[in-house]
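Peer 1: Sharing protein.cif below, mmCIF, C-alpha atoms:
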```
data_my_file
loop_
_atom_site.label_atom_id
_atom_site.label_comp_id
_atom_site.auth_asym_id
_atom_site.auth_seq_id
_atom_site.Cartn_x
_atom_site.Cartn_y
_atom_site.Cartn_z
CA GLN A 175 123.60 34.98 -96.19
CA VAL A 176 123.07 33.67 -92.67
CA GLN A 177 119.72 32.95 -91.04
CA LEU A 178 119.50 32.76 -87.24
CA VAL A 179 116.49 31.50 -85.28
CA GLU A 180 116.41 31.69 -81.48
CA SER A 181 114.28 29.53 -79.21
CA GLY A 182 114.00 28.58 -75.57
CA GLY A 183 112.81 31.82 -74.03
CA GLY A 184 109.97 31.95 -71.55
CA LEU A 185 108.85 32.89 -68.07
CA VAL A 186 110.87 31.68 -65.10
CA GLN A 187 111.06 32.54 -61.42
CA ALA A 188 114.09 34.24 -59.96
CA GLY A 189 116.80 31.70 -59.23
CA GLY A 190 115.64 29.46 -62.06
CA SER A 191 117.33 28.42 -65.29
CA LEU A 192 116.71 28.56 -69.01
CA ARG A 193 118.67 27.42 -72.03
CA LEU A 194 118.43 29.44 -75.20
CA SER A 195 119.27 27.94 -78.57
CA CYS A 196 120.14 29.62 -81.84
CA ALA A 197 119.96 27.56 -85.01
CA ALA A 198 121.97 28.88 -87.93
CA SER A 199 121.63 28.17 -91.61
CA GLY A 200 123.11 29.53 -94.78
CA ARG A 201 126.84 29.97 -94.79
CA THR A 202 129.39 27.83 -93.02
CA PHE A 203 128.46 28.11 -89.37
CA SER A 204 131.69 26.73 -88.01
CA SER A 205 133.79 29.49 -89.56
CA TYR A 206 132.50 32.46 -87.59
CA ALA A 207 132.14 33.70 -84.06
CA MET A 208 128.71 33.91 -82.43
CA GLY A 209 127.28 36.10 -79.73
CA TRP A 210 124.29 36.71 -77.53
CA PHE A 211 122.92 40.15 -76.81
CA ARG A 212 119.85 41.37 -74.94
CA GLN A 213 117.59 44.38 -74.85
CA ALA A 214 115.41 45.24 -71.89
CA PRO A 215 112.40 47.56 -72.20
CA GLY A 216 113.51 51.16 -72.49
CA LYS A 217 117.19 50.24 -72.64
CA GLU A 218 119.76 49.85 -75.37
CA ARG A 219 120.81 46.46 -76.60
CA GLU A 220 123.78 45.14 -74.62
CA PHE A 221 126.40 42.47 -75.04
CA VAL A 222 125.93 39.25 -73.07
CA ALA A 223 128.46 36.68 -74.33
CA THR A 224 130.47 35.64 -77.34
CA ILE A 225 132.24 32.47 -78.45
CA ASN A 226 134.82 32.00 -81.18
CA TRP A 227 134.47 29.59 -84.10
CA SER A 228 136.19 26.66 -82.41
CA ALA A 229 134.61 27.21 -78.98
CA GLY A 230 138.14 27.65 -77.69
CA SER A 231 137.42 31.02 -76.14
CA SER A 232 134.43 32.86 -74.80
CA TYR A 233 133.76 36.20 -73.13
CA TYR A 234 130.98 37.43 -70.89
CA ALA A 235 129.50 40.65 -69.66
CA GLU A 236 130.33 41.22 -66.01
CA SER A 237 126.65 41.14 -65.13
CA VAL A 238 126.27 37.51 -66.24
CA LYS A 239 129.73 36.09 -65.54
CA GLY A 240 129.51 32.97 -63.42
CA ARG A 241 125.81 32.51 -64.13
CA PHE A 242 125.60 32.20 -67.92
CA THR A 243 127.50 29.83 -70.20
CA ILE A 244 127.77 30.13 -73.97
CA SER A 245 128.54 27.03 -76.01
CA ARG A 246 128.23 25.80 -79.56
CA ASP A 247 127.79 22.57 -81.48
CA ASN A 248 129.18 23.07 -84.98
CA ALA A 249 127.83 19.70 -86.10
CA LYS A 250 124.31 20.97 -85.32
CA ASN A 251 124.90 24.55 -86.45
CA THR A 252 123.65 25.70 -83.08
CA VAL A 253 124.85 28.02 -80.34
CA TYR A 254 123.46 27.89 -76.81
CA LEU A 255 123.18 30.16 -73.82
CA GLN A 256 122.70 28.36 -70.52
CA MET A 257 121.33 30.82 -67.99
CA ASN A 258 121.37 29.90 -64.30
CA SER A 259 120.51 31.84 -61.14
CA LEU A 260 118.31 34.14 -63.16
CA LYS A 261 117.40 37.54 -61.76
CA PRO A 262 114.55 39.93 -62.62
CA ASP A 263 117.20 42.22 -64.15
CA ASP A 264 117.87 39.51 -66.75
CA THR A 265 114.42 40.12 -68.23
CA ALA A 266 114.91 41.12 -71.86
CA VAL A 267 114.62 40.05 -75.45
CA TYR A 268 117.68 37.92 -76.19
CA TYR A 269 119.25 38.03 -79.63
CA CYS A 270 121.67 35.68 -81.30
CA ALA A 271 124.21 37.22 -83.68
CA ALA A 272 126.95 36.11 -86.04
CA THR A 273 130.05 37.85 -87.26
CA THR A 274 131.38 36.76 -90.63
CA THR A 275 133.99 39.52 -90.74
CA GLY A 276 135.34 39.37 -87.20
CA SER A 277 134.92 43.11 -86.77
CA SER A 278 131.18 43.44 -86.19
CA PHE A 279 128.10 41.30 -85.78
CA ASP A 280 126.43 41.45 -89.17
CA TYR A 281 123.63 38.88 -88.87
CA TRP A 282 120.94 38.85 -86.20
CA GLY A 283 118.06 36.63 -85.18
CA GLN A 284 114.56 37.84 -84.42
CA GLY A 285 114.97 37.50 -80.66
CA THR A 286 113.35 35.45 -77.92
CA GLN A 287 111.71 36.87 -74.80
CA VAL A 288 113.04 35.96 -71.37
CA THR A 289 111.00 37.10 -68.38
CA VAL A 290 112.20 36.51 -64.82
CA SER A 291 109.64 37.04 -62.09
CA SER A 292 110.56 37.97 -58.54
#
```
Could I get this structure in the form of structure tokens?
Peer 2:
Amino acid sequence: QVQLVESGGGLVQAGGSLRLSCAASGRTFSSYAMGWFRQAPGKEREFVATINWSAGSSYYAESVKGRFTISRDNAKNTVYLQMNSLKPDDTAVYYCAATTTGSSFDYWGQGTQVTVSS
């Protein structure tokens, strides 16, 4: 069992920055890939970024590439999402997720709200 708790969301003006954190507990954090997803009001949840277990590779949605950075600290069982140059379209609930199988994300956090004002 894996428990994920996100933090760091809030209200920020367009062009500003936020850093989200996701603290993991339960199984061995360092052995599985992690991801960030988001869901805006009235829209489906969408992929934002993912990072492998060793932080050797990461992937981003085109909409956030160059602005967001995913990272992890296995010693702290935490994954981060640094968000810069935020836009109103980035407004959403952001979810942290873990994949223990490598084929799908099977554990999810409760989400943290990010609101970007214009």
Peer 1: Nearest to Trp282 (chain A): which of A:Glu236, A:Asp263, A:Glu180, A:Glu218 is it, counting all atoms listed in the file?
Peer 2: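 Of all the options, A:Glu180 lies closest to Trp282 (chain A).
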Peer 1: Go through A:Tyr254, A:Gly285, A:Ser195, A:Ser231 and flag the residue nearest Arg219 (chain A), using all atoms listed in the file for the distances.
Peer 2: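 Nearest candidate to Arg219 (chain A) out of A:Tyr254, A:Gly285, A:Ser195, A:Ser231: A:Gly285.
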Peer 1: So, with all atoms listed in the file as the atoms that count, which of A:Tyr233, A:Trp227, A:Tyr269, A:Phe279 lies closest to Tyr206 (chain A)?
Peer 2: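 Of all the options, A:Trp227 lies closest to Tyr206 (chain A).
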Peer 1: Point out the residue among A:Ser191, A:Thr243, A:Ser232, A:Ser181 with the least atom-to-atom distance to Val290 (chain A), counting all atoms listed in the file.
Peer 2: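 Closest residue, counting all atoms listed in the file: A:Ser191.
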Peer 1: Could you name the residues that touch Ser237 (chain A) at 12 Å or less, counting all atoms listed in the file, but leaving out those on the same chain fewer than 4 positions away, as a PyMOL selection string?
Peer 2: chain A and resi 212+220-223+233+241-242+257+259-261+263-264
Peer 1: So that I have them on file, write out the residues from the current selection with C-alpha atoms, as a tab-separated table (two decimals), in the frame of the given file.
Peer 2:
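Result saved to again_15.tsv:
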```tsv
chain	number	residue	atom	x	y	z
A	212	ARG	CA	119.85	41.37	-74.94
A	220	GLU	CA	123.78	45.14	-74.62
A	221	PHE	CA	126.40	42.47	-75.04
A	222	VAL	CA	125.93	39.25	-73.07
A	223	ALA	CA	128.46	36.68	-74.33
A	233	TYR	CA	133.76	36.20	-73.13
A	241	ARG	CA	125.81	32.51	-64.13
A	242	PHE	CA	125.60	32.20	-67.92
A	257	MET	CA	121.33	30.82	-67.99
A	259	SER	CA	120.51	31.84	-61.14
A	260	LEU	CA	118.31	34.14	-63.16
A	261	LYS	CA	117.40	37.54	-61.76
A	263	ASP	CA	117.20	42.22	-64.15
A	264	ASP	CA	117.87	39.51	-66.75
```
Peer 1: Counting only C-alpha atoms, which residue out of A:Ser292, A:Asn226, A:Gln187, A:Gln175 sits closest to Ser204 (chain A)?
Peer 2: A:Asn226
Peer 1: For the structure provided, state which residues fall under the PyMOL selection byres ((chain A and resi 186) around 7), and present them as a VMD selection string.
Peer 2: chain A and resid 184 to 185 187 to 188 190 289 to 291
Peer 1: Determine the nearest neighbour of Val267 (chain A) from the options A:Gly183, A:Gly200, A:Gly189, A:Gly230, counting only C-alpha atoms.
Peer 2: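 Of A:Gly183, A:Gly200, A:Gly189, A:Gly230, the one nearest Val267 (chain A), counting only C-alpha atoms, is A:Gly183.
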Peer 1: Leaving out region 271-278 of chain A and any residue of its chain fewer than 3 positions from it, which residues lie within 8 Å of it when counting only C-alpha atoms, given as a list of chain:residue names?
Peer 2: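 The neighbour list is A:Leu178, A:Ser205, A:Tyr206, A:Ala207, A:Met208, A:Gly209, A:Trp210, A:Phe211, A:Tyr281, A:Trp282, A:Gly283.
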Peer 1: When you look at Gly182 (chain A) with a cut-off of 10 Å (counting only C-alpha atoms), what residues show up, excluding the ones that are within fewer than 3 positions of it in the same chain? I need them as a list in words.
Peer 2: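 The filter keeps Leu192, Arg193, Leu194, Ser195, Cys196, Tyr254, Leu255, Thr286, Gln287 and Val288 of chain A.
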Peer 1: Would you work out the distance separating CA of Ala198 (chain A) from CA of Ala266 (chain A), expressed in Å to one decimal?
Peer 2: 21.4 Å
Peer 1: Do you have the CA of Asp247 (chain A)-CA of Ala214 (chain A) distance handy?
Peer 2: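 Computing the Euclidean distance for CA of Asp247 (chain A) and CA of Ala214 (chain A) yields 27.6 Å.
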Peer 1: Can you tell me how far CA of Thr202 (chain A) sits from CA of Asp280 (chain A), in Å to one decimal?
Peer 2: 14.5 Å
Peer 1: Please provide the set of residues having any atom within 8 Å of Arg246 (chain A), restricted to only C-alpha atoms, with same-chain residues fewer than 3 positions apart removed, written as a ChimeraX atom specification.
Peer 2: /A:225,229,251-254
